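Working notes, beginning with the structure itself.
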Amino acid sequence: MKKKKSGGGGANWMDTYGDMVTLLLCFFVLLYSMSTISEEKWRAIVTSFNPNATLTPTENSGNDGPLAEDIENPGQDTLEYQQESIDDMIEALFQRLESYTAAEGLESSIAVTMEGGKIYVKFSDTAFFAGDSYKLQPAAQEILSQVCMILDQAEDAIEEIRIEGHTAQQYDNRPNETWGDRQLAGNRAAMVATFLQDNSAIHPARICSVGWGQWHPIAKNDEENRWANRRVEMVITGRDLKTEMESWEQTLSQYTTTKEQPEEGQEPTSTQEP
């Protein structure tokens, strides 16, 4: 028996497909025609639909219009917004340090102040060190561990953490022995800086230490007040985006500056004195 031939109409799908492609082409042509609008043609279209329509001219957002961008200082608003965000993070850091000190009852050992955008954290040497030693006591390590966790929350806003070591003048009639005084102050500051580097997320390049010795007292150097001069102080500085950008532009200009090339056949000139 002969097989029945399949019915016709197998190519009907091509008609539907062709219609769809035609519609898509018309759609993209319409989009292209709308991408650049002629003012005269637009007026003609509007008046064709509504002959009584009133066309009101508007200011352009660019060039000299009221919404024009600041071409001379592009991104200035963004920079100011970012700086405000950094300042808010430093303020929040100060408040968290202050709250931690009060909650733990450490006001006698830790003093937190803020001045000129910088945070000053003063640690009493009696709470951190024993006698003339520069090794951190266990209680000091616990305090610094909490401080590290607080600092990590403002990591992106911190420009520098400087640890300063201070001593007190032991005798009223003569200064301390230079080597021992500087060494003790410097070692104490270095111990705190090392602890921060090993236990916080702050980049090591942003942590530094200095030993001032007896030369930056904050109280009278008598038996009653001498203890206040023996301290380790943490100075936290927030980032200044404007200064960073100026420094970056200055560095970039040093690499992009090129010498004038001599014309063909002309020897290069020397700027050095013979």
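Chain labels A, B, ... are given in the sequence in which chains occur in the structure tokens; within each chain residues are numbered consecutively from 1, and ligands are likewise numbered from 1 in the order shown.
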
Discussion item. Write out as an MDAnalysis selection string the set of residues from segment 14-204 of chain A that DSSP, computed on the backbone, places in alpha helix (DSSP H).
Written reply: chainID A and resid 14:35 39:49 76:103 125:128 138:152 178:199

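Every protein or nucleic acid residue with an atom no more than 7 Å from segment 127-131 of chain A, counting only C-alpha atoms and leaving out same-chain residues fewer than 4 positions away, appears here: Ser109, Lys135, Leu136, Gln137 and Ala140 of chain A.
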
Discussion item. Need to verify the contact set: Thr101 of chain A, 10 Å, only C-alpha atoms, exclusion of same-chain residues closer than 3 positions in sequence. Can you return it as number ranges by chain?
Written reply: A: 95-98, 104-112, 143, 147

Report as CSV the residues of segment 67-124 of chain A within 12 Å of segment 182-196 of chain A, each with its shortest atom pair and distance in Å (one decimal), using only C-alpha atoms, ordered by chain and increasing residue number.
residue,atom,partner,partner_atom,distance
A:Lys122,CA,A:Ala189,CA,11.8
A:Phe123,CA,A:Val192,CA,10.4
A:Ser124,CA,A:Arg188,CA,11.6

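Using only C-alpha atoms, the nearest neighbour of Thr78 of chain A within the list A:Leu241, A:Ile119, A:Met114, A:Ala92 is A:Leu241.
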
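Every protein or nucleic acid residue with an atom no more than 12 Å from segment 81-83 of chain A, counting only C-alpha atoms and leaving out same-chain residues fewer than 6 positions away, appears here: A:Gly75, A:Met89, A:Ile90, A:Asp156, A:Ala157, A:Ile158, A:Gly238, A:Arg239, A:Asp240, A:Leu241, A:Lys242, A:Thr243, A:Glu244, A:Met245.
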
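Among the candidates A:Thr47, A:Thr113, A:Gln169, A:Thr126, the one nearest to Lys220 of chain A when counting only C-alpha atoms is A:Gln169.
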
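Of note, atom CA of Ala219 of chain A and atom CA of Ala102 of chain A are spaced 23.3 Å apart.
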
Discussion item. Write out as a PyMOL selection string the set of residues from segment 11-190 of chain A that DSSP, computed on the backbone, places in strand (DSSP E).
Written reply: chain A and resi 110-115+118-124+158-166

Response to the item:
Pairwise distance, atom CA of Leu24 of chain A with atom CA of Val46 of chain A, equals 26.0 Å
